[in-house]
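For reference, entry.cif is printed below; it contains mmCIF, C-alpha atoms and all ligand atoms.
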data_query
#
loop_
_atom_site.label_atom_id
_atom_site.label_comp_id
_atom_site.auth_asym_id
_atom_site.auth_seq_id
_atom_site.Cartn_x
_atom_site.Cartn_y
_atom_site.Cartn_z
CA MET A 185 -3.93 -8.74 29.14
CA GLU A 186 -1.09 -8.39 26.66
CA ARG A 187 -1.55 -5.49 24.24
CA ILE A 188 -3.07 -6.45 20.92
CA TYR A 189 -1.45 -4.56 18.05
CA LEU A 190 -2.96 -3.74 14.70
CA SER A 191 -0.58 -5.63 12.45
CA PRO A 192 2.58 -6.62 14.30
CA PRO A 193 5.40 -8.46 12.53
CA TYR A 194 5.17 -12.25 12.50
CA MET A 195 8.41 -14.13 11.95
CA GLY A 196 8.67 -17.61 10.55
CA GLY A 197 12.08 -18.47 11.94
CA GLY A 198 13.95 -18.62 8.62
CA GLU A 199 14.73 -14.92 8.85
CA MET A 200 17.54 -15.49 11.39
CA LYS A 201 19.29 -17.97 9.10
CA TYR A 202 19.64 -15.33 6.36
CA ILE A 203 20.61 -12.60 8.81
CA LYS A 204 23.24 -14.88 10.34
CA GLU A 205 24.59 -15.68 6.89
CA ALA A 206 24.93 -11.97 6.23
CA PHE A 207 26.85 -11.52 9.50
CA ASP A 208 29.00 -14.62 8.96
CA THR A 209 30.01 -13.41 5.50
CA ASN A 210 30.26 -9.76 6.60
CA TRP A 211 27.70 -8.58 4.03
CA ILE A 212 26.36 -5.76 6.23
CA ALA A 213 25.83 -3.44 3.28
CA PRO A 214 23.07 -2.10 1.08
CA LEU A 215 23.85 -4.80 -1.42
CA GLY A 216 24.81 -8.46 -1.21
CA PRO A 217 23.54 -12.00 -1.75
CA ASN A 218 20.34 -11.60 0.30
CA VAL A 219 19.32 -8.56 -1.76
CA ASN A 220 19.86 -10.43 -5.03
CA ALA A 221 18.10 -13.55 -3.74
CA PHE A 222 15.20 -11.55 -2.27
CA GLU A 223 14.67 -9.89 -5.64
CA LYS A 224 14.85 -13.22 -7.46
CA GLU A 225 12.51 -15.02 -5.04
CA THR A 226 9.98 -12.17 -4.92
CA GLY A 227 10.08 -11.93 -8.70
CA GLU A 228 9.32 -15.65 -8.97
CA TYR A 229 6.47 -15.42 -6.49
CA LEU A 230 4.85 -12.41 -8.16
CA GLY A 231 5.76 -13.34 -11.73
CA VAL A 232 7.75 -10.14 -12.29
CA PRO A 233 11.01 -10.20 -14.26
CA TYR A 234 12.93 -7.32 -12.64
CA PRO A 235 11.97 -6.45 -9.03
CA LEU A 236 14.19 -3.76 -7.53
CA ALA A 237 14.59 -3.92 -3.73
CA LEU A 238 14.66 -0.52 -2.04
CA SER A 239 14.68 1.03 1.42
CA SER A 240 10.94 1.87 1.42
CA GLY A 241 7.74 1.87 -0.56
CA THR A 242 7.92 5.66 -0.62
CA ALA A 243 11.34 5.44 -2.30
CA ALA A 244 9.83 2.98 -4.81
CA ILE A 245 7.08 5.47 -5.71
CA HIS A 246 9.60 8.30 -5.91
CA LEU A 247 11.84 6.47 -8.37
CA SER A 248 8.82 5.31 -10.40
CA LEU A 249 7.64 8.91 -10.74
CA LYS A 250 11.11 10.01 -11.79
CA TYR A 251 11.27 7.20 -14.30
CA LEU A 252 8.01 8.42 -15.83
CA GLY A 253 9.54 11.87 -16.13
CA VAL A 254 7.48 13.60 -13.44
CA GLY A 255 9.01 16.93 -12.52
CA SER A 256 8.17 20.40 -11.35
CA GLY A 257 4.66 21.55 -12.34
CA ASP A 258 3.62 18.21 -13.84
CA VAL A 259 0.21 16.90 -12.87
CA VAL A 260 -0.09 13.57 -11.05
CA PHE A 261 -3.46 11.99 -10.30
CA CYS A 262 -3.45 10.19 -6.95
CA SER A 263 -5.89 8.05 -5.00
CA SER A 264 -7.27 10.19 -2.21
CA PHE A 265 -8.20 7.37 0.18
CA THR A 266 -4.75 6.21 1.19
CA PHE A 267 -1.73 6.77 3.40
CA SER A 268 0.36 9.86 2.66
CA GLY A 269 3.35 7.71 1.62
CA SER A 270 1.36 7.05 -1.51
CA CYS A 271 1.51 10.60 -2.83
CA ASN A 272 4.25 12.42 -0.89
CA ALA A 273 6.86 11.54 -3.50
CA ALA A 274 4.92 13.48 -6.16
CA ALA A 275 5.21 16.50 -3.86
CA TYR A 276 8.99 15.88 -3.51
CA GLU A 277 9.17 16.44 -7.27
CA LYS A 278 7.04 19.59 -6.97
CA ALA A 279 4.30 18.07 -9.07
CA GLU A 280 0.71 19.26 -8.96
CA LEU A 281 -1.26 16.60 -7.08
CA VAL A 282 -4.88 15.96 -8.02
CA PHE A 283 -6.89 13.67 -5.76
CA ILE A 284 -9.40 11.12 -7.00
CA ASP A 285 -12.24 9.75 -4.88
CA SER A 286 -12.99 6.07 -4.18
CA GLU A 287 -15.77 3.93 -5.58
CA PRO A 288 -18.03 2.11 -3.08
CA GLU A 289 -17.36 -1.37 -4.56
CA THR A 290 -13.60 -1.58 -4.06
CA TRP A 291 -12.91 1.52 -1.90
CA ASN A 292 -10.19 2.24 -4.46
CA MET A 293 -9.97 4.80 -7.27
CA SER A 294 -13.36 5.56 -8.76
CA PRO A 295 -13.43 5.30 -12.56
CA ILE A 296 -16.18 7.94 -12.54
CA ALA A 297 -14.09 10.42 -10.56
CA LEU A 298 -11.04 9.55 -12.68
CA GLN A 299 -12.95 10.33 -15.86
CA LYS A 300 -14.06 13.66 -14.35
CA ALA A 301 -10.41 14.49 -13.63
CA PHE A 302 -9.37 13.62 -17.19
CA ASP A 303 -12.22 15.73 -18.60
CA ASP A 304 -11.00 18.65 -16.51
CA ALA A 305 -7.38 18.07 -17.55
CA GLU A 306 -8.41 18.08 -21.21
CA LYS A 307 -10.27 21.34 -20.72
CA ARG A 308 -7.22 22.87 -19.03
CA GLY A 309 -4.98 21.45 -21.74
CA LYS A 310 -2.76 19.86 -19.09
CA MET A 311 -2.75 16.07 -18.98
CA PRO A 312 -1.26 14.17 -16.01
CA LYS A 313 2.17 12.60 -16.40
CA ALA A 314 1.15 9.64 -14.22
CA VAL A 315 -1.72 8.19 -12.20
CA ILE A 316 -0.98 6.55 -8.84
CA VAL A 317 -3.65 3.94 -8.16
CA VAL A 318 -3.70 2.22 -4.76
CA ASP A 319 -4.76 -1.33 -3.86
CA LEU A 320 -5.83 -0.27 -0.39
CA TYR A 321 -6.01 -2.60 2.62
CA GLY A 322 -5.22 -5.49 0.27
CA LEU A 323 -8.27 -4.80 -1.89
CA SER A 324 -7.42 -4.56 -5.56
CA ALA A 325 -8.62 -1.57 -7.54
CA GLY A 326 -11.20 -2.18 -10.29
CA TRP A 327 -8.46 -2.60 -12.87
CA ASP A 328 -10.65 -3.54 -15.81
CA ARG A 329 -12.34 -0.15 -15.46
CA ILE A 330 -9.31 1.97 -14.52
CA ILE A 331 -6.79 0.75 -17.13
CA PRO A 332 -8.91 1.54 -20.25
CA ILE A 333 -9.43 5.14 -19.08
CA CYS A 334 -5.70 5.72 -18.59
CA LYS A 335 -4.92 3.91 -21.87
CA LYS A 336 -7.34 6.16 -23.74
CA TYR A 337 -5.28 9.18 -22.67
CA ASN A 338 -1.97 7.32 -22.89
CA VAL A 339 -1.08 8.09 -19.28
CA PRO A 340 0.97 5.49 -17.36
CA ILE A 341 -0.18 3.96 -14.08
CA ILE A 342 1.91 3.42 -10.97
CA GLU A 343 0.18 0.70 -9.00
CA ASP A 344 0.69 1.33 -5.30
CA SER A 345 0.42 -2.18 -3.88
CA ALA A 346 2.19 -1.25 -0.66
CA GLU A 347 -0.60 -2.96 1.31
CA ALA A 348 -1.46 -5.67 -1.19
CA PHE A 349 1.42 -8.15 -1.29
CA GLY A 350 -0.16 -11.54 -2.04
CA SER A 351 -3.50 -10.12 -3.23
CA ARG A 352 -4.64 -10.96 -6.75
CA TYR A 353 -6.96 -9.38 -9.26
CA ARG A 354 -8.51 -11.95 -11.59
CA GLY A 355 -5.61 -14.28 -10.86
CA LYS A 356 -2.91 -11.66 -11.45
CA HIS A 357 -0.81 -10.48 -8.55
CA CYS A 358 -1.47 -6.96 -7.32
CA GLY A 359 1.53 -4.85 -8.18
CA THR A 360 1.71 -6.31 -11.70
CA LEU A 361 -1.35 -4.59 -13.18
CA GLY A 362 -0.02 -1.05 -13.52
CA ASP A 363 2.78 0.03 -15.87
CA LEU A 364 5.00 0.06 -12.79
CA GLY A 365 4.05 -1.48 -9.44
CA ILE A 366 5.41 -0.92 -5.97
CA MET A 367 5.41 -2.84 -2.68
CA SER A 368 6.15 -1.82 0.89
CA PHE A 369 7.85 -4.09 3.42
CA ASN A 370 7.33 -1.72 6.32
CA GLY A 371 7.05 -3.29 9.79
CA ASN A 372 3.25 -3.50 9.72
CA LYS A 373 2.95 -5.02 6.24
CA ILE A 374 2.09 -8.62 5.47
CA ILE A 375 5.71 -9.30 4.53
CA THR A 376 8.21 -7.13 6.34
CA THR A 377 11.91 -6.42 6.03
CA SER A 378 11.59 -4.11 9.07
CA GLY A 379 11.61 -1.31 6.51
CA GLY A 380 11.80 -1.71 2.78
CA GLY A 381 10.09 -1.53 -0.54
CA MET A 382 10.29 -2.62 -4.13
CA VAL A 383 9.60 -1.42 -7.65
CA LEU A 384 8.24 -4.24 -9.77
CA CYS A 385 10.00 -3.44 -13.04
CA LYS A 386 8.90 -5.09 -16.25
CA THR A 387 12.04 -4.31 -18.27
CA LYS A 388 15.77 -4.36 -17.61
CA GLU A 389 15.97 -0.77 -18.75
CA GLU A 390 13.57 0.29 -15.95
CA TYR A 391 15.52 -1.78 -13.42
CA ASP A 392 18.93 -0.44 -14.45
CA LYS A 393 17.88 3.20 -14.46
CA MET A 394 16.15 3.07 -11.09
CA LEU A 395 19.02 1.05 -9.57
CA PHE A 396 21.38 3.76 -10.81
CA TRP A 397 19.38 6.50 -9.08
CA ALA A 398 18.92 4.35 -5.95
CA THR A 399 22.71 4.04 -5.57
CA GLN A 400 23.62 7.76 -5.82
CA SER A 401 23.75 7.86 -9.63
CA ARG A 402 27.37 6.70 -9.76
CA GLU A 403 28.77 6.60 -13.26
CA SER A 404 30.63 3.39 -14.03
CA VAL A 405 34.13 4.76 -13.88
CA PRO A 406 36.72 3.97 -11.20
CA HIS A 407 36.41 7.32 -9.39
CA TYR A 408 33.16 8.85 -8.08
CA GLU A 409 31.57 10.59 -11.04
CA HIS A 410 28.01 11.97 -11.01
CA LYS A 411 26.10 13.45 -13.90
CA GLU A 412 22.72 13.19 -12.19
CA ILE A 413 21.38 13.62 -8.66
CA GLY A 414 21.13 10.28 -6.90
CA TYR A 415 19.51 8.77 -3.82
CA ASN A 416 20.53 6.36 -1.10
CA TYR A 417 17.52 4.11 -1.57
CA ARG A 418 18.87 0.54 -1.75
CA LEU A 419 17.67 -2.16 0.66
CA SER A 420 20.29 -3.47 3.07
CA ASN A 421 21.51 -7.05 2.88
CA ILE A 422 20.40 -7.64 6.49
CA CYS A 423 16.86 -6.39 5.83
CA ALA A 424 16.64 -8.43 2.64
CA GLY A 425 17.47 -11.50 4.75
CA ILE A 426 14.38 -10.84 6.86
CA GLY A 427 12.35 -10.54 3.67
CA ARG A 428 13.60 -13.91 2.40
CA GLY A 429 12.48 -15.61 5.60
CA GLN A 430 9.13 -13.87 5.43
CA LEU A 431 8.55 -14.94 1.87
CA GLU A 432 9.01 -18.58 2.89
CA ILE A 433 5.84 -18.36 4.99
CA ILE A 434 3.68 -16.18 2.76
CA ASP A 435 1.12 -18.94 2.16
CA GLU A 436 0.74 -19.55 5.88
CA LYS A 437 0.40 -15.81 6.47
CA LEU A 438 -2.33 -15.45 3.85
CA LYS A 439 -4.20 -18.41 5.33
CA ARG A 440 -4.03 -17.00 8.85
CA ARG A 441 -5.24 -13.57 7.75
CA ALA A 442 -8.10 -15.06 5.73
CA ALA A 443 -9.23 -16.99 8.82
CA ILE A 444 -9.13 -13.79 10.89
CA PHE A 445 -11.24 -12.01 8.28
CA ARG A 446 -13.83 -14.85 8.30
CA ARG A 447 -14.06 -14.75 12.08
CA TYR A 448 -14.70 -10.99 12.02
CA LYS A 449 -17.41 -11.53 9.41
CA GLU A 450 -19.07 -14.14 11.60
CA GLY A 451 -18.65 -12.09 14.76
CA PHE A 452 -20.25 -8.97 13.30
CA SER A 453 -22.97 -10.59 11.24
CA GLY A 454 -26.42 -9.26 12.09
CA THR A 455 -24.96 -6.21 13.90
CA PRO A 456 -24.66 -2.55 12.81
CA VAL A 457 -21.00 -3.23 12.00
CA HIS A 458 -20.21 -3.91 8.33
CA VAL A 459 -17.01 -5.70 7.40
CA MET A 460 -15.14 -4.31 4.36
CA PRO A 461 -16.18 -5.52 0.90
CA GLU A 462 -14.73 -8.57 -0.83
CA PRO A 463 -15.05 -7.75 -4.53
CA GLU A 464 -15.58 -10.87 -6.63
CA ASP A 465 -12.57 -10.39 -8.86
CA CYS A 466 -10.21 -9.80 -5.94
CA GLU A 467 -8.50 -12.48 -3.90
CA MET A 468 -7.56 -10.35 -0.92
CA ASN A 469 -4.50 -10.74 1.28
CA HIS A 470 -6.67 -9.53 4.21
CA TRP A 471 -3.86 -7.29 5.38
CA ILE A 472 -6.13 -5.47 7.77
CA THR A 473 -9.85 -5.86 8.38
CA VAL A 474 -11.69 -2.55 8.26
CA ILE A 475 -15.21 -2.22 9.58
CA THR A 476 -17.65 0.55 8.78
CA LEU A 477 -20.30 1.52 11.28
CA ASP A 478 -23.89 1.77 10.32
CA GLU A 479 -25.05 5.37 10.11
CA SER A 480 -27.41 4.61 13.00
CA VAL A 481 -24.40 4.13 15.31
CA LYS A 482 -23.74 7.19 17.44
CA ALA A 483 -20.14 6.40 18.45
CA GLU A 484 -17.41 7.90 16.27
CA PRO A 485 -14.28 5.99 15.19
CA ALA A 486 -12.02 8.19 17.34
CA PHE A 487 -14.11 7.35 20.43
CA ILE A 488 -14.07 3.64 19.61
CA CYS A 489 -10.29 3.71 19.16
CA ALA A 490 -9.82 5.51 22.48
CA GLU A 491 -12.08 3.01 24.28
CA MET A 492 -10.33 0.05 22.64
CA ASN A 493 -7.01 1.53 23.68
CA ARG A 494 -8.24 1.44 27.29
CA GLN A 495 -8.75 -2.28 26.77
CA ASN A 496 -5.16 -2.52 25.49
CA VAL A 497 -6.23 -3.05 21.90
CA GLU A 498 -4.75 -0.98 19.09
CA THR A 499 -7.28 0.12 16.48
CA ARG A 500 -7.20 3.05 14.05
CA PRO A 501 -9.68 5.16 12.14
CA ALA A 502 -9.63 4.40 8.41
CA TRP A 503 -7.20 6.54 6.38
CA LYS A 504 -8.12 10.21 6.35
CA PRO A 505 -8.40 11.10 2.65
CA MET A 506 -5.54 13.09 1.20
CA HIS A 507 -7.81 15.84 -0.15
CA MET A 508 -8.90 16.50 3.47
CA GLN A 509 -5.32 16.84 4.71
CA PRO A 510 -4.22 20.38 5.59
CA VAL A 511 -0.93 19.87 3.75
CA PHE A 512 -2.81 19.22 0.48
CA SER A 513 -5.53 21.82 1.00
CA GLY A 514 -4.59 23.70 -2.17
CA CYS A 515 -4.97 20.61 -4.40
CA LYS A 516 -7.85 19.81 -6.73
CA SER A 517 -10.01 16.77 -6.04
CA PHE A 518 -12.75 14.90 -7.89
CA SER A 519 -15.68 13.10 -6.32
CA HIS A 520 -17.38 9.88 -7.28
CA ASN A 521 -20.89 11.10 -6.51
CA ASP A 522 -22.80 13.44 -8.80
CA ASP A 523 -23.77 15.68 -5.89
CA GLY A 524 -20.08 16.37 -5.24
CA SER A 525 -19.90 14.32 -2.04
CA PHE A 526 -16.96 11.99 -1.60
CA VAL A 527 -17.24 8.24 -1.00
CA CYS A 528 -13.89 8.23 0.79
CA GLU A 529 -14.98 10.95 3.22
CA LYS A 530 -17.78 8.66 4.32
CA LEU A 531 -15.37 5.73 4.68
CA PHE A 532 -13.21 7.89 6.92
CA ARG A 533 -16.24 9.06 8.87
CA TYR A 534 -17.42 5.52 9.64
CA GLY A 535 -14.35 3.28 9.22
CA VAL A 536 -12.25 1.58 11.90
CA CYS A 537 -9.25 -0.73 11.31
CA LEU A 538 -9.19 -3.77 13.58
CA PRO A 539 -6.20 -5.85 14.61
CA GLY A 540 -5.35 -8.60 12.16
CA GLY A 541 -1.81 -9.78 12.87
CA ASP A 542 -0.94 -13.35 11.83
CA ALA A 543 -0.73 -14.52 15.44
CA LEU A 544 -4.10 -13.12 16.59
CA THR A 545 -5.98 -15.87 18.44
CA PRO A 546 -9.73 -16.61 18.22
CA GLU A 547 -10.00 -15.65 21.91
CA GLN A 548 -8.39 -12.27 21.30
CA GLN A 549 -10.68 -11.77 18.36
CA SER A 550 -13.80 -12.55 20.38
CA PHE A 551 -12.59 -9.98 22.91
CA ILE A 552 -12.22 -7.39 20.14
CA VAL A 553 -15.65 -8.14 18.66
CA GLU A 554 -17.38 -8.11 22.05
CA ASN A 555 -15.75 -4.84 23.02
CA THR A 556 -16.53 -3.16 19.72
CA LEU A 557 -20.20 -4.08 20.08
CA ARG A 558 -20.23 -3.02 23.71
CA ILE A 559 -18.68 0.38 22.91
CA ILE A 560 -21.18 1.15 20.16
CA GLY A 561 -24.03 -0.08 22.36
CA ALA A 562 -25.11 -2.88 20.01
C1 LIG A 601 -0.79 2.65 0.45
C2 LIG A 601 0.61 2.95 0.87
N1 LIG A 601 1.45 3.54 -0.01
C3 LIG A 601 2.72 3.79 0.29
C4 LIG A 601 3.25 3.46 1.52
C5 LIG A 601 4.66 3.78 1.81
O1 LIG A 601 5.45 2.68 2.10
P1 LIG A 601 6.70 2.80 3.09
O2 LIG A 601 6.19 2.98 4.46
O3 LIG A 601 7.42 1.50 2.91
O4 LIG A 601 7.52 3.95 2.62
C6 LIG A 601 2.41 2.83 2.47
C7 LIG A 601 2.82 2.41 3.80
O5 LIG A 601 3.57 2.30 4.50
C8 LIG A 601 1.06 2.59 2.14
O6 LIG A 601 0.24 2.02 3.03
#
What's the structure tokens form of this structure?
Ligand SMILES: Cc1ncc(COP(=O)(O)O)c(C=O)c1O
Amino acid sequence: MERIYLSPPYMGGGEMKYIKEAFDTNWIAPLGPNVNAFEKETGEYLGVPYPLALSSGTAAIHLSLKYLGVGSGDVVFCSSFTFSGSCNAAAYEKAELVFIDSEPETWNMSPIALQKAFDDAEKRGKMPKAVIVVDLYGLSAGWDRIIPICKKYNVPIIEDSAEAFGSRYRGKHCGTLGDLGIMSFNGNKIITTSGGGMVLCKTKEEYDKMLFWATQSRESVPHYEHKEIGYNYRLSNICAGIGRGQLEIIDEKLKRRAAIFRRYKEGFSGTPVHVMPEPEDCEMNHWITVITLDESVKAEPAFICAEMNRQNVETRPAWKPMHMQPVFSGCKSFSHNDDGSFVCEKLFRYGVCLPGGDALTPEQQSFIVENTLRIIGA
């Protein structure tokens, strides 16, 4: 049987038209009509005035942190349950990373743990410069509980919506709820540009400054003049062409992924496998379906993934929390639970990501469900 991947790219066909246009007009550069159009079209879809297309979501977080003035020794609060691309950029700037646990309802940043971190920061007399809040696996964070806490301390939020393109929180697009929002268009994301990202800027000033840094901080004089360190972070015109084609089929993609999610729910109902939550105020993009195993199940995620791999199915354990990563072992972290235990550690202990690409067929899905249940002995 053909290998089933976790979240492979799914092309709509329109992508080639924009790539061909770029070739025909010789716009093979990190700027050009596709980049401008991709920004305009994404902005219209998300309802954002100034989206800035970049080479990755990591670059988008990096520039957002710089824009908020994060530098050496500054504190940045980060979601712990996430991919490292979410917080690495704070380390690039030599900031002090502090990791915040998840809440059980949304799997995203716990308002309780966040408040604990702010209490500690107040005691230390060192407030964070920014809080990076993730909308993980297409689930939106509990924004009505997170925003007031950050507002109280006047600390800006970077919303990491790398995995949440197309998700909404109470009708608002994910990526638009923080002070700055970012997207990733990496190959496994719901919309891909093969590699790419975006900062969802709300003002022209934000856009202009981050564009300046993203294009090597060139002063606007005829020769090459630099007063600041810059980066080569702009999205290429070819990649933006892929993004334009992908955006044309976003509704179809969301529909397909929702159907996949429903089928998993049906397939696992009444078994010791729990499908990820669907919080009421979140309209998920169903980027990836994550299951958690009942505590009665003996098999561990790593074993399940290895067994699934033998069946030619790609699965992954849920993200290993950042506060458990050796590279961040010196960082502070705050738990959701009063007894000091972490919700996200449990999610990692019992969570498995299942394939959910747009083209996954019901037959392939039945195969995945049957095999999962067989492996755990259910
Ligand atoms: C939650 C999260 N944040 C940030 C990133 C970084 O995005 P990129 O890979 O485009 O740099 C990713 C994934 O790729 C992610 O999943």
Compile a residue-level contact table for segment 336-441 of chain A against segment 189-208 of chain A at a cut-off of 8 Å, reporting for every qualifying residue the shortest atom pair and its distance in Å to one decimal, with only C-alpha atoms counted, rows ordered by chain and ascending number, as a tab-separated table.
residue	atom	partner	partner_atom	distance
A:Gly371	CA	A:Pro193	CA	6.1
A:Asn372	CA	A:Ser191	CA	5.2
A:Lys373	CA	A:Ser191	CA	7.2
A:Ile374	CA	A:Pro193	CA	7.8
A:Thr376	CA	A:Pro193	CA	6.9
A:Asn421	CA	A:Ala206	CA	6.9
A:Ile422	CA	A:Ile203	CA	5.5
A:Cys423	CA	A:Ile203	CA	7.8
A:Gly425	CA	A:Tyr202	CA	4.7
A:Ile426	CA	A:Glu199	CA	4.6
A:Gly427	CA	A:Glu199	CA	7.2
A:Arg428	CA	A:Glu199	CA	6.6
A:Gly429	CA	A:Glu199	CA	4.0
A:Gln430	CA	A:Gly196	CA	6.4
A:Glu432	CA	A:Gly198	CA	7.6
A:Ile433	CA	A:Gly196	CA	6.3
Q) Between A:His470, A:Arg440, A:Lys300, A:Arg446, which has the minimum distance to Ser519 of chain A (counting all atoms listed in the file)? A)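 Result for the nearest residue to Ser519 of chain A: A:Lys300.
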(Q) I'd like the contact shell of segment 486-498 of chain A - 8 Å cut-off, all atoms listed in the file, skipping same-chain residues fewer than 6 positions apart - returned as a PyMOL selection string. (A) chain A and resi 185-190+536+538-539+552+555-556+559-560
**Q.** Minimum-distance residue to Leu364 of chain A, chosen among A:Val232, A:Thr377, A:Leu238, A:Trp327 (using only C-alpha atoms)
**A.** A:Val232
Q | Within-10 Å shell of (-1.7, -6.1, -9.5) in input frame, only C-alpha atoms, as an NGL selection string | A | :A and (230 or 318-319 or 324-325 or 327 or 343-345 or 348-366 or 466)
Q: Have a look at A:Ala221, A:Val405, A:Ile472, A:Ile333 and name the one nearest to ligand LIG 601 (chain A); count all atoms listed in the file.
A: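 Ranking A:Ala221, A:Val405, A:Ile472, A:Ile333 by distance to ligand LIG 601 (chain A), first place goes to A:Ile472.
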**Q.** Contacts with ligand LIG 601 (chain A) at most 7 Å, all atoms listed in the file counted, listed as a list of chain:residue names
**A.** A:Ser240, A:Gly241, A:Thr242, A:Ala243, A:Thr266, A:Phe267, A:Ser268, A:Gly269, A:Ser270, A:Val318, A:Leu320, A:Asp344, A:Ser345, A:Ala346, A:Glu347, A:Ser368, A:Phe369, A:Asn370, A:Gly379, A:Gly380, A:Gly381
Q: Compare A:Val459, A:Ile434, A:Arg533, A:Glu464 by their minimum atom-to-atom distance to Glu479 of chain A, counting all atoms listed in the file, and give me the closest one.
A: A:Arg533
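Coordinates place atom CA of Phe518 of chain A at a distance of 17.5 Å from atom CA of Tyr337 of chain A.
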